[in-house]
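Note: the block below is query_5.cif and it holds mmCIF, C-alpha atoms.
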data_work
loop_
_atom_site.label_atom_id
_atom_site.label_comp_id
_atom_site.auth_asym_id
_atom_site.auth_seq_id
_atom_site.Cartn_x
_atom_site.Cartn_y
_atom_site.Cartn_z
CA MET B 791 -2.32 16.67 14.84
CA SER B 792 -1.37 19.46 17.21
CA GLN B 793 -5.06 20.32 17.48
CA HIS B 794 -5.68 16.97 19.08
CA SER B 795 -3.27 17.67 21.89
CA THR B 796 -4.51 21.18 22.61
CA GLN B 797 -8.12 20.12 22.46
CA HIS B 798 -7.90 16.97 24.52
CA GLY B 799 -4.73 17.29 26.55
CA ASN B 800 -2.62 14.32 27.42
CA GLN B 801 -4.69 11.16 27.69
CA CYS B 802 -2.16 8.91 29.46
CA ASP B 803 -4.07 9.08 32.74
CA ALA B 804 -7.41 8.44 31.04
CA LEU B 805 -5.96 5.41 29.23
CA ARG B 806 -4.46 4.05 32.42
CA ALA B 807 -7.75 4.49 34.29
CA ALA B 808 -9.79 2.84 31.55
CA ILE B 809 -7.48 -0.17 31.39
CA LEU B 810 -7.44 -0.55 35.19
CA GLN B 811 -11.21 -0.59 35.22
CA ALA B 812 -11.25 -3.61 32.91
CA LEU B 813 -8.08 -5.26 34.22
CA PRO B 814 -7.73 -4.29 37.90
CA ASP B 815 -4.41 -6.12 38.39
CA ALA B 816 -2.77 -4.50 35.38
CA GLN B 817 0.44 -2.56 35.36
CA VAL B 818 0.03 0.09 32.72
CA ASP B 819 2.83 2.04 31.14
CA ALA B 820 1.26 4.72 28.95
CA THR B 821 3.38 7.26 27.13
CA GLY B 822 2.74 9.71 24.31
CA GLY B 823 0.63 12.74 23.57
CA GLY B 824 -0.88 14.61 20.66
CA GLY B 825 -3.38 11.83 20.09
CA HIS B 826 -0.68 9.15 19.69
CA TYR B 827 0.14 6.78 22.51
CA THR B 828 2.31 3.79 23.32
CA LEU B 829 1.09 1.22 25.82
CA VAL B 830 2.76 -1.60 27.68
CA VAL B 831 0.26 -3.54 29.76
CA THR B 832 1.17 -6.34 32.15
CA SER B 833 -1.64 -8.46 33.57
CA GLU B 834 -2.47 -12.00 34.67
CA ALA B 835 -5.51 -11.72 32.41
CA PHE B 836 -3.26 -12.34 29.40
CA ARG B 837 -1.96 -15.66 30.66
CA GLY B 838 -2.86 -18.47 28.28
CA LYS B 839 -4.26 -16.02 25.75
CA GLY B 840 -2.92 -15.36 22.28
CA LEU B 841 -1.63 -11.98 21.18
CA VAL B 842 -4.86 -11.10 19.43
CA ASP B 843 -7.09 -11.90 22.37
CA SER B 844 -4.76 -10.13 24.79
CA GLN B 845 -4.70 -6.96 22.71
CA ARG B 846 -8.48 -7.15 22.23
CA LEU B 847 -8.90 -7.01 26.01
CA VAL B 848 -6.96 -3.74 26.05
CA TYR B 849 -8.59 -2.26 22.97
CA GLY B 850 -12.00 -3.18 24.38
CA ALA B 851 -11.19 -1.26 27.56
CA ILE B 852 -10.15 1.91 25.73
CA ALA B 853 -12.55 1.76 22.78
CA HIS B 854 -14.61 4.71 24.06
CA LEU B 855 -11.50 6.92 23.93
CA MET B 856 -10.83 5.99 20.30
CA LYS B 857 -14.30 6.41 18.87
CA GLY B 858 -15.18 8.97 16.21
CA ASP B 859 -13.21 11.31 13.99
CA ASP B 860 -12.29 13.65 16.80
CA ALA B 861 -11.40 11.00 19.36
CA PRO B 862 -9.06 12.06 22.18
CA VAL B 863 -6.90 9.06 21.33
CA HIS B 864 -6.18 9.10 17.61
CA ALA B 865 -3.88 6.09 17.49
CA ILE B 866 -2.11 3.55 19.65
CA ASP B 867 1.30 3.56 18.00
CA SER B 868 2.37 0.45 19.80
CA LEU B 869 0.67 -1.92 22.22
CA ARG B 870 2.55 -4.65 24.06
CA THR B 871 0.84 -7.10 26.36
CA ARG B 872 2.81 -9.06 28.94
CA THR B 873 2.13 -11.47 31.76
CA PRO B 874 3.79 -10.78 35.13
CA MET A 1044 -23.80 0.23 14.85
CA ALA A 1045 -24.75 -3.40 14.40
CA LEU A 1046 -23.02 -5.21 11.61
CA SER A 1047 -25.57 -6.13 8.95
CA GLU A 1048 -25.74 -9.73 7.77
CA ALA A 1049 -24.99 -8.59 4.22
CA LEU A 1050 -21.85 -6.72 5.27
CA ARG A 1051 -20.73 -9.61 7.44
CA ALA A 1052 -21.13 -11.97 4.48
CA HIS A 1053 -19.29 -9.54 2.22
CA ILE A 1054 -16.33 -9.38 4.61
CA ARG A 1055 -16.29 -13.15 4.94
CA THR A 1056 -16.13 -13.46 1.15
CA ILE A 1057 -13.11 -11.15 1.09
CA VAL A 1058 -11.20 -12.87 3.89
CA ASP A 1059 -11.85 -16.24 2.24
CA SER A 1060 -10.82 -14.99 -1.22
CA HIS A 1061 -7.12 -15.41 -0.54
CA ARG A 1062 -5.05 -17.27 2.02
CA VAL A 1063 -3.52 -13.98 3.23
CA VAL A 1064 -5.59 -10.78 3.12
CA LEU A 1065 -4.37 -7.44 4.46
CA PHE A 1066 -6.94 -4.69 5.04
CA MET A 1067 -4.86 -1.53 4.88
CA LYS A 1068 -4.86 2.20 4.30
CA GLY A 1069 -3.80 2.71 0.69
CA THR A 1070 -2.51 0.10 -1.69
CA ARG A 1071 0.37 -2.33 -1.59
CA LEU A 1072 2.34 -0.09 -3.96
CA SER A 1073 1.48 3.14 -2.17
CA PRO A 1074 0.49 2.65 1.46
CA GLN A 1075 -1.13 5.75 2.97
CA CYS A 1076 -0.05 5.22 6.56
CA GLY A 1077 3.13 4.17 8.32
CA PHE A 1078 1.62 1.11 10.00
CA SER A 1079 0.26 -0.18 6.70
CA ALA A 1080 3.63 0.46 5.04
CA THR A 1081 5.40 -1.52 7.75
CA ALA A 1082 2.98 -4.43 7.44
CA VAL A 1083 3.35 -4.50 3.65
CA ALA A 1084 7.15 -4.47 3.95
CA MET A 1085 7.08 -7.44 6.34
CA LEU A 1086 4.68 -9.44 4.17
CA ASP A 1087 6.56 -8.59 0.96
CA ALA A 1088 9.73 -10.02 2.45
CA LEU A 1089 8.07 -13.38 3.07
CA LEU A 1090 5.14 -13.79 0.72
CA PRO A 1091 5.24 -13.90 -3.05
CA GLU A 1092 1.62 -12.87 -3.21
CA TYR A 1093 -1.26 -11.87 -1.00
CA ARG A 1094 -4.32 -9.70 -1.33
CA THR A 1095 -4.61 -6.15 -0.04
CA VAL A 1096 -7.85 -4.22 0.34
CA ASP A 1097 -7.81 -0.42 0.65
CA VAL A 1098 -10.17 0.47 3.49
CA MET A 1099 -9.86 4.19 2.68
CA ALA A 1100 -11.80 3.56 -0.51
CA ASP A 1101 -14.80 2.07 1.30
CA PRO A 1102 -15.96 3.68 4.56
CA THR A 1103 -18.73 1.11 5.07
CA LEU A 1104 -16.26 -1.74 4.82
CA ARG A 1105 -13.85 0.11 7.10
CA GLU A 1106 -16.41 0.55 9.87
CA GLY A 1107 -17.73 -2.97 9.37
CA LEU A 1108 -14.26 -4.45 9.77
CA ARG A 1109 -13.68 -2.72 13.09
CA GLU A 1110 -16.65 -4.65 14.38
CA TYR A 1111 -16.09 -7.89 12.46
CA SER A 1112 -12.52 -8.20 13.71
CA GLU A 1113 -13.28 -6.61 17.10
CA TRP A 1114 -10.22 -4.51 16.40
CA PRO A 1115 -10.19 -0.70 16.26
CA THR A 1116 -7.20 -0.01 14.01
CA PHE A 1117 -5.75 -0.74 10.58
CA PRO A 1118 -4.01 -2.59 9.07
CA GLN A 1119 -5.74 -5.88 9.86
CA LEU A 1120 -4.29 -9.16 8.70
CA TYR A 1121 -6.26 -12.33 8.00
CA VAL A 1122 -4.57 -15.67 7.40
CA GLY A 1123 -6.67 -18.63 6.34
CA GLY A 1124 -9.83 -16.69 7.16
CA THR A 1125 -8.71 -16.03 10.74
CA PHE A 1126 -7.86 -12.61 12.14
CA MET A 1127 -4.20 -12.44 13.06
CA GLY A 1128 -3.79 -8.88 14.26
CA GLY A 1129 -2.23 -5.60 13.27
CA THR A 1130 1.30 -4.31 12.71
CA ASP A 1131 2.21 -4.68 16.38
CA ILE A 1132 1.46 -8.37 16.37
CA LEU A 1133 3.31 -8.89 13.08
CA GLN A 1134 6.34 -7.18 14.61
CA GLU A 1135 6.10 -9.20 17.77
CA LEU A 1136 5.90 -12.45 15.78
CA GLN A 1137 8.83 -11.35 13.67
CA SER A 1138 10.97 -10.55 16.70
CA GLN A 1139 10.21 -14.06 17.99
CA GLY A 1140 11.11 -15.57 14.62
CA GLU A 1141 7.56 -16.88 14.30
CA LEU A 1142 6.21 -14.78 11.45
CA ALA A 1143 6.96 -17.17 8.57
CA ARG A 1144 5.28 -20.02 10.41
CA ALA A 1145 2.27 -17.87 11.29
CA LEU A 1146 1.91 -16.97 7.63
CA GLY A 1147 2.21 -20.62 6.69
CA VAL A 1148 5.30 -20.17 4.52
CA GLU A 1149 7.91 -21.81 6.70
CA GLY A 1150 9.83 -24.43 4.82
CA VAL A 1151 8.23 -23.46 1.54
CA THR A 1152 10.91 -23.33 -1.09
CA VAL A 1153 10.76 -20.55 -3.62
CA LYS A 1154 10.85 -21.69 -7.21
CA LEU A 1155 13.94 -20.61 -9.13
CA PRO A 1156 12.90 -17.78 -11.42
CA ALA A 1157 13.44 -17.81 -15.15
CA LEU A 1158 15.89 -15.01 -15.86
CA THR A 1159 17.44 -14.12 -19.19
CA ILE A 1160 20.53 -11.97 -19.59
CA THR A 1161 21.14 -11.01 -23.20
CA ALA A 1162 24.61 -11.53 -24.69
CA ARG A 1163 25.17 -7.78 -24.80
CA ALA A 1164 24.24 -7.29 -21.15
CA ALA A 1165 26.35 -10.27 -20.13
CA SER A 1166 29.48 -8.92 -21.79
CA VAL A 1167 29.06 -5.54 -20.04
CA LEU A 1168 28.49 -7.27 -16.71
CA ARG A 1169 31.40 -9.63 -17.18
CA GLU A 1170 33.70 -6.71 -17.79
CA ALA A 1171 32.44 -4.82 -14.73
CA MET A 1172 32.81 -7.93 -12.65
CA GLN A 1173 36.58 -7.93 -13.03
CA ASP A 1174 36.69 -5.07 -10.52
CA ALA A 1175 34.36 -6.77 -8.09
CA GLU A 1176 36.39 -9.61 -6.71
CA GLY A 1177 34.75 -11.62 -3.94
CA LEU A 1178 31.34 -10.12 -4.69
CA VAL A 1179 28.38 -11.66 -6.47
CA LEU A 1180 26.04 -10.20 -9.05
CA ARG A 1181 22.78 -9.33 -7.32
CA PHE A 1182 19.47 -8.51 -8.96
CA GLU A 1183 16.74 -6.94 -6.83
CA VAL A 1184 13.11 -6.28 -7.64
CA SER A 1185 11.41 -4.26 -4.91
CA SER A 1186 7.74 -4.69 -4.11
CA GLY A 1187 7.22 -1.39 -5.95
CA PHE A 1188 9.00 -2.93 -8.96
CA ARG A 1189 12.09 -0.78 -8.81
CA TYR A 1190 15.19 -2.60 -9.97
CA GLY A 1191 18.66 -2.94 -8.58
CA LEU A 1192 21.60 -4.56 -10.31
CA SER A 1193 24.73 -4.54 -8.21
CA PHE A 1194 27.84 -6.37 -7.05
CA ALA A 1195 27.35 -7.28 -3.42
CA ASP A 1196 28.01 -9.94 -0.82
CA ALA A 1197 26.20 -13.24 -1.11
CA GLN A 1198 23.44 -13.61 1.52
CA PRO A 1199 22.07 -16.73 3.19
CA GLY A 1200 18.78 -17.65 1.58
CA ASP A 1201 19.81 -16.26 -1.81
CA LEU A 1202 18.57 -18.05 -4.88
CA VAL A 1203 21.15 -18.37 -7.61
CA VAL A 1204 20.21 -18.47 -11.28
CA GLY A 1205 22.56 -18.85 -14.22
CA SER A 1206 22.26 -17.17 -17.60
CA GLU A 1207 24.84 -16.51 -20.31
CA GLY A 1208 27.48 -18.03 -18.07
CA LEU A 1209 26.77 -15.59 -15.24
CA SER A 1210 25.41 -16.43 -11.81
CA VAL A 1211 22.80 -14.03 -10.50
CA HIS A 1212 21.85 -13.87 -6.81
CA LEU A 1213 18.30 -12.94 -5.78
CA ASP A 1214 16.57 -12.73 -2.41
CA PRO A 1215 13.36 -14.83 -2.26
CA GLY A 1216 10.99 -11.85 -2.63
CA SER A 1217 12.88 -10.49 -5.63
CA ALA A 1218 13.09 -13.99 -7.10
CA HIS A 1219 9.33 -14.33 -7.23
CA ARG A 1220 8.84 -10.89 -8.74
CA ALA A 1221 11.66 -11.45 -11.25
CA ASP A 1222 10.30 -14.63 -12.83
CA GLY A 1223 10.38 -14.22 -16.61
CA THR A 1224 12.53 -11.08 -16.61
CA THR A 1225 14.97 -10.21 -19.37
CA ILE A 1226 17.97 -8.00 -18.63
CA ASP A 1227 19.30 -6.29 -21.74
CA TYR A 1228 21.86 -3.58 -22.35
CA VAL A 1229 20.71 -0.90 -24.72
CA VAL A 1230 22.76 1.79 -26.41
CA GLY A 1231 20.59 4.65 -27.61
CA SER A 1232 20.77 8.31 -28.47
CA LYS A 1233 20.35 9.29 -24.81
CA GLY A 1234 23.20 7.08 -23.62
CA ALA A 1235 23.54 3.46 -22.65
CA GLY A 1236 22.04 1.44 -19.85
CA PHE A 1237 20.45 -1.78 -18.70
CA HIS A 1238 16.94 -2.32 -19.88
CA ILE A 1239 14.71 -4.61 -17.88
CA THR A 1240 11.56 -6.26 -19.18
CA ASN A 1241 9.49 -7.91 -16.48
CA PRO A 1242 6.10 -9.50 -17.23
CA ASN A 1243 5.11 -9.31 -13.53
CA GLU A 1244 5.12 -5.52 -13.41
CA PRO A 1245 1.74 -4.23 -12.31
CA GLU A 1246 -0.13 -1.61 -14.24
CA ARG A 1247 1.18 1.87 -13.61
CA VAL A 1248 -0.22 5.34 -14.09
CA ARG A 1249 0.91 6.41 -17.54
CA ALA A 1250 1.95 9.99 -18.21
CA LEU A 1251 0.45 11.89 -21.12
CA THR A 1252 1.65 15.17 -22.57
CA PRO A 1253 -1.22 17.56 -23.45
CA GLU A 1254 -0.79 16.67 -27.15
CA GLN A 1255 -0.97 12.94 -26.42
CA ALA A 1256 -4.02 13.48 -24.21
CA LYS A 1257 -5.73 15.49 -26.93
CA ALA A 1258 -5.08 12.73 -29.47
CA LYS A 1259 -6.45 10.08 -27.12
CA LEU A 1260 -9.57 12.12 -26.39
CA ALA A 1261 -10.18 12.50 -30.12
CA GLY A 1262 -9.48 8.83 -30.89
CA ALA A 1263 -11.54 5.68 -30.79
CA ASN A 1264 -12.65 4.59 -27.30
CA PRO A 1265 -11.81 8.01 -25.81
CA PRO A 1266 -10.95 8.02 -22.08
CA LEU A 1267 -12.97 9.97 -19.55
CA LEU A 1268 -11.21 13.19 -18.57
CA VAL A 1269 -11.48 13.54 -14.81
CA ASP A 1270 -10.77 16.94 -13.31
CA VAL A 1271 -9.77 16.62 -9.65
CA ARG A 1272 -9.48 20.35 -8.87
CA THR A 1273 -11.72 22.30 -6.52
CA PRO A 1274 -15.07 23.73 -7.71
CA THR A 1275 -13.52 27.23 -7.40
CA GLU A 1276 -10.73 26.32 -9.81
CA TRP A 1277 -13.27 24.63 -12.08
CA GLY A 1278 -15.07 27.98 -12.20
CA LEU A 1279 -11.89 29.76 -13.34
CA ALA A 1280 -10.97 27.47 -16.20
CA ARG A 1281 -11.82 24.05 -17.54
CA ILE A 1282 -10.92 21.74 -20.39
CA GLU A 1283 -13.78 21.04 -22.74
CA GLY A 1284 -15.17 17.56 -22.14
CA ALA A 1285 -13.69 17.26 -18.64
CA ARG A 1286 -15.86 16.35 -15.69
CA LEU A 1287 -15.28 17.62 -12.19
CA LEU A 1288 -14.71 14.79 -9.71
CA ASP A 1289 -17.45 15.50 -7.21
CA ALA A 1290 -19.12 12.96 -4.94
CA ALA A 1291 -21.76 12.06 -7.53
CA PHE A 1292 -19.23 11.52 -10.32
CA GLU A 1293 -17.00 9.50 -8.02
CA HIS A 1294 -19.94 7.27 -7.21
CA GLU A 1295 -20.56 6.84 -10.93
CA LEU A 1296 -16.90 6.01 -11.58
CA LEU A 1297 -16.78 3.39 -8.85
CA ALA A 1298 -19.62 1.53 -10.55
CA MET A 1299 -17.90 1.53 -13.95
CA ASP A 1300 -16.19 -1.28 -15.82
CA ARG A 1301 -12.53 -1.29 -14.70
CA ALA A 1302 -11.48 -1.41 -18.36
CA THR A 1303 -12.76 2.17 -18.81
CA PRO A 1304 -9.76 4.36 -19.67
CA LEU A 1305 -9.38 7.41 -17.42
CA ILE A 1306 -7.26 10.55 -17.73
CA PHE A 1307 -6.78 12.51 -14.53
CA GLN A 1308 -6.11 16.23 -14.64
CA CYS A 1309 -5.56 19.04 -12.14
CA HIS A 1310 -3.77 22.41 -12.20
CA HIS A 1311 -0.16 21.23 -12.58
CA GLY A 1312 -0.37 17.43 -12.55
CA VAL A 1313 0.50 16.62 -8.93
CA ARG A 1314 -2.91 16.15 -7.32
CA SER A 1315 -4.09 14.26 -10.38
CA GLN A 1316 -1.16 11.85 -10.12
CA ALA A 1317 -2.26 10.94 -6.58
CA ALA A 1318 -5.87 10.56 -7.72
CA ALA A 1319 -4.78 8.42 -10.68
CA GLU A 1320 -2.83 6.07 -8.41
CA HIS A 1321 -5.82 5.79 -6.13
CA PHE A 1322 -8.05 4.69 -9.02
CA LEU A 1323 -5.39 2.29 -10.26
CA GLY A 1324 -5.51 0.77 -6.79
CA LEU A 1325 -9.27 0.38 -7.18
CA GLY A 1326 -8.68 -1.86 -10.17
CA PHE A 1327 -8.87 0.49 -13.17
CA ARG A 1328 -6.36 -0.83 -15.66
CA GLU A 1329 -5.85 2.05 -18.08
CA VAL A 1330 -5.14 5.17 -16.06
CA TYR A 1331 -3.35 8.27 -17.33
CA ASN A 1332 -2.13 11.47 -15.75
CA LEU A 1333 -2.09 14.71 -17.73
CA GLU A 1334 1.44 16.01 -17.17
CA GLY A 1335 1.54 19.67 -16.27
CA GLY A 1336 -2.23 19.76 -15.80
CA ILE A 1337 -4.60 22.33 -17.24
CA ASP A 1338 -1.78 24.89 -17.18
CA ALA A 1339 0.29 22.90 -19.68
CA TRP A 1340 -2.87 22.24 -21.70
CA SER A 1341 -3.48 25.96 -21.95
CA LEU A 1342 0.13 26.66 -22.98
CA THR A 1343 0.37 23.95 -25.63
CA VAL A 1344 -3.02 22.77 -26.84
CA ASP A 1345 -5.70 25.36 -26.26
CA ARG A 1346 -4.80 28.95 -25.51
CA ALA A 1347 -8.48 29.77 -25.08
CA VAL A 1348 -8.34 28.07 -21.67
CA PRO A 1349 -7.49 30.82 -19.15
CA ARG A 1350 -4.40 30.40 -16.99
CA TYR A 1351 -4.57 31.23 -13.30
#

Render the structure in this file as structure tokens.
Amino acid sequence: MSQHSTQHGNQCDALRAAILQALPDAQVDATGGGGHYTLVVTSEAFRGKGLVDSQRLVYGAIAHLMKGDDAPVHAIDSLRTRTP
Amino acid sequence: MALSEALRAHIRTIVDSHRVVLFMKGTRLSPQCGFSATAVAMLDALLPEYRTVDVMADPTLREGLREYSEWPTFPQLYVGGTFMGGTDILQELQSQGELARALGVEGVTVKLPALTITARAASVLREAMQDAEGLVLRFEVSSGFRYGLSFADAQPGDLVVGSEGLSVHLDPGSAHRADGTTIDYVVGSKGAGFHITNPNEPERVRALTPEQAKAKLAGANPPLLVDVRTPTEWGLARIEGARLLDAAFEHELLAMDRATPLIFQCHHGVRSQAAAEHFLGLGFREVYNLEGGIDAWSLTVDRAVPRY
């Protein structure tokens, strides 16, 4: 696990940037390190959407960071989606 | 990677095979990741039964599901053929008090279980109860089928069953798993204690001493002896008739009839226990672990096998 963090550094900024690209109005609270992150995302895009569809929007935006065995982001420990 | 039509159909068959299907890492009895364990614990508390599928055992299925569900992580829960989400969403629903409804079990009443307390057990319990004023007799059956018999406070939602003049409290999950159970009190040479017989207990990995394993291997319908050590260890010492669990042999095993008896063996019996549980989770019904491994075998059955 520690290898992840030394190899890839902290990915909070990368996660935030990736989410903002897909959801420009989003407020992103990303915490964590060592491949494991916690996200709280607030966006109008979630309004009227179910939990699954809301989380899919976020996962879709960060999928490239989670791909493969040696992905910089190993796991999202917790993801919360909120509307403003 | 595009999802092939065959794989898509295969996944659809699985999600339609049961009202609630959880794709998880590990099995319901031994989850291999914290998120899967949390999901199982939440479902166990509400659902008498559901299906779990171990995605660690099938990489093709695992990758296919990521695409099918458009969801990158496990566990993944399907209810009524529809994707419901992962552990996060289960927790969110639970915190909103919506989980039971989402699982379609709200308002479903759990059937009172049949529970038998023998006369001997009842008299022991009745005596103990004199010191437990204000408390009720509680019987618990965990999802891993560990038992608890205690005097505790009554809880809302408890089911209450009578036997031998005693009232037994059970939570709904325990109640379902306890149906048909007999609670006896047995006095034997090693002391006295409650003895519980429960027809709902799943198959478990059974321990074999080297002598017992030897007898089984020499008997009718001998089990396959599966050596889960490394090729290096295999080179140092091996039990006659054993086969090293390499990729080819694993492939062969996975295609076998699940009634095939298997004995797992390693150096001291720890790695093989984990392997045995894994194969039990894959549906093999008669799975043994050689206690003490090849080392114990060498000490007790066949001294010609080198120790290392």

On this structure, which residues satisfy the PyMOL selection byres ((chain B and resi 816) around 12), written as a list of chain:residue names?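 Output from the PyMOL selection byres ((chain B and resi 816) around 12), applied to this file: B:Arg806, B:Ala807, B:Ala808, B:Ile809, B:Leu810, B:Gln811, B:Ala812, B:Leu813, B:Pro814, B:Asp815, B:Gln817, B:Val818, B:Asp819, B:Ala820, B:Leu829, B:Val830, B:Val831, B:Thr832, B:Ser833, B:Glu834, B:Ala835, B:Phe836, B:Leu847, B:Val848, B:Ala851, B:Thr871, B:Arg872, B:Thr873, B:Pro874.
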
Tell me which of A:Leu1260, A:Cys1076, A:Leu1155, A:Leu1168 sits closest to chain B, counting only C-alpha atoms.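 Closest residue, counting only C-alpha atoms: A:Cys1076.
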
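The space separating CA of Gly1200 (chain A) from CA of Ala1082 (chain A) comes to 21.4 Å.
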
Give me the result of the PyMOL selection byres ((chain A) within 9 of (chain B)) on this file, residue by residue, as an mmCIF file with C-alpha atoms, in the coordinates of the input.
data_model
loop_
_atom_site.group_PDB
_atom_site.id
_atom_site.type_symbol
_atom_site.label_atom_id
_atom_site.label_comp_id
_atom_site.auth_asym_id
_atom_site.auth_seq_id
_atom_site.Cartn_x
_atom_site.Cartn_y
_atom_site.Cartn_z
ATOM 1 C CA PHE A 1078 1.620 1.110 10.000
ATOM 2 C CA GLU A 1113 -13.280 -6.610 17.100
ATOM 3 C CA TRP A 1114 -10.220 -4.510 16.400
ATOM 4 C CA PRO A 1115 -10.190 -0.700 16.260
ATOM 5 C CA THR A 1116 -7.200 -0.010 14.010
ATOM 6 C CA PHE A 1126 -7.860 -12.610 12.140
ATOM 7 C CA MET A 1127 -4.200 -12.440 13.060
ATOM 8 C CA GLY A 1128 -3.790 -8.880 14.260
ATOM 9 C CA GLY A 1129 -2.230 -5.600 13.270
ATOM 10 C CA THR A 1130 1.300 -4.310 12.710
ATOM 11 C CA ASP A 1131 2.210 -4.680 16.380
ATOM 12 C CA ILE A 1132 1.460 -8.370 16.370
ATOM 13 C CA GLU A 1135 6.100 -9.200 17.770
#

Suppose you want the space between CA of Met1299 (chain A) and CA of Ala1285 (chain A); what is it in Å?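 Those two atoms sit 16.9 Å apart.
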
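Between Leu1297 (chain A) and the candidates A:Arg1163, A:Arg1314, A:His1321, A:Lys1233, the tightest atom-to-atom separation, counting all atoms listed in the file, involves A:His1321.
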
So how many Å separate CA of Thr1224 (chain A) and CA of Leu1325 (chain A), to one decimal?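 Separation between CA of Thr1224 (chain A) and CA of Leu1325 (chain A): 26.4 Å.
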
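Candidate residues A:Ala1143, A:Ala1175, A:Val1204, A:Leu1158 were compared for distance to Leu1089 (chain A), and the nearest is A:Ala1143, using all atoms listed in the file.
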
Choose the residue, out of B:Ser844, B:Gly799, B:Gly858, B:Gly838, that has the smallest atom-to-atom separation from His826 (chain B); count only C-alpha atoms. B:Gly799
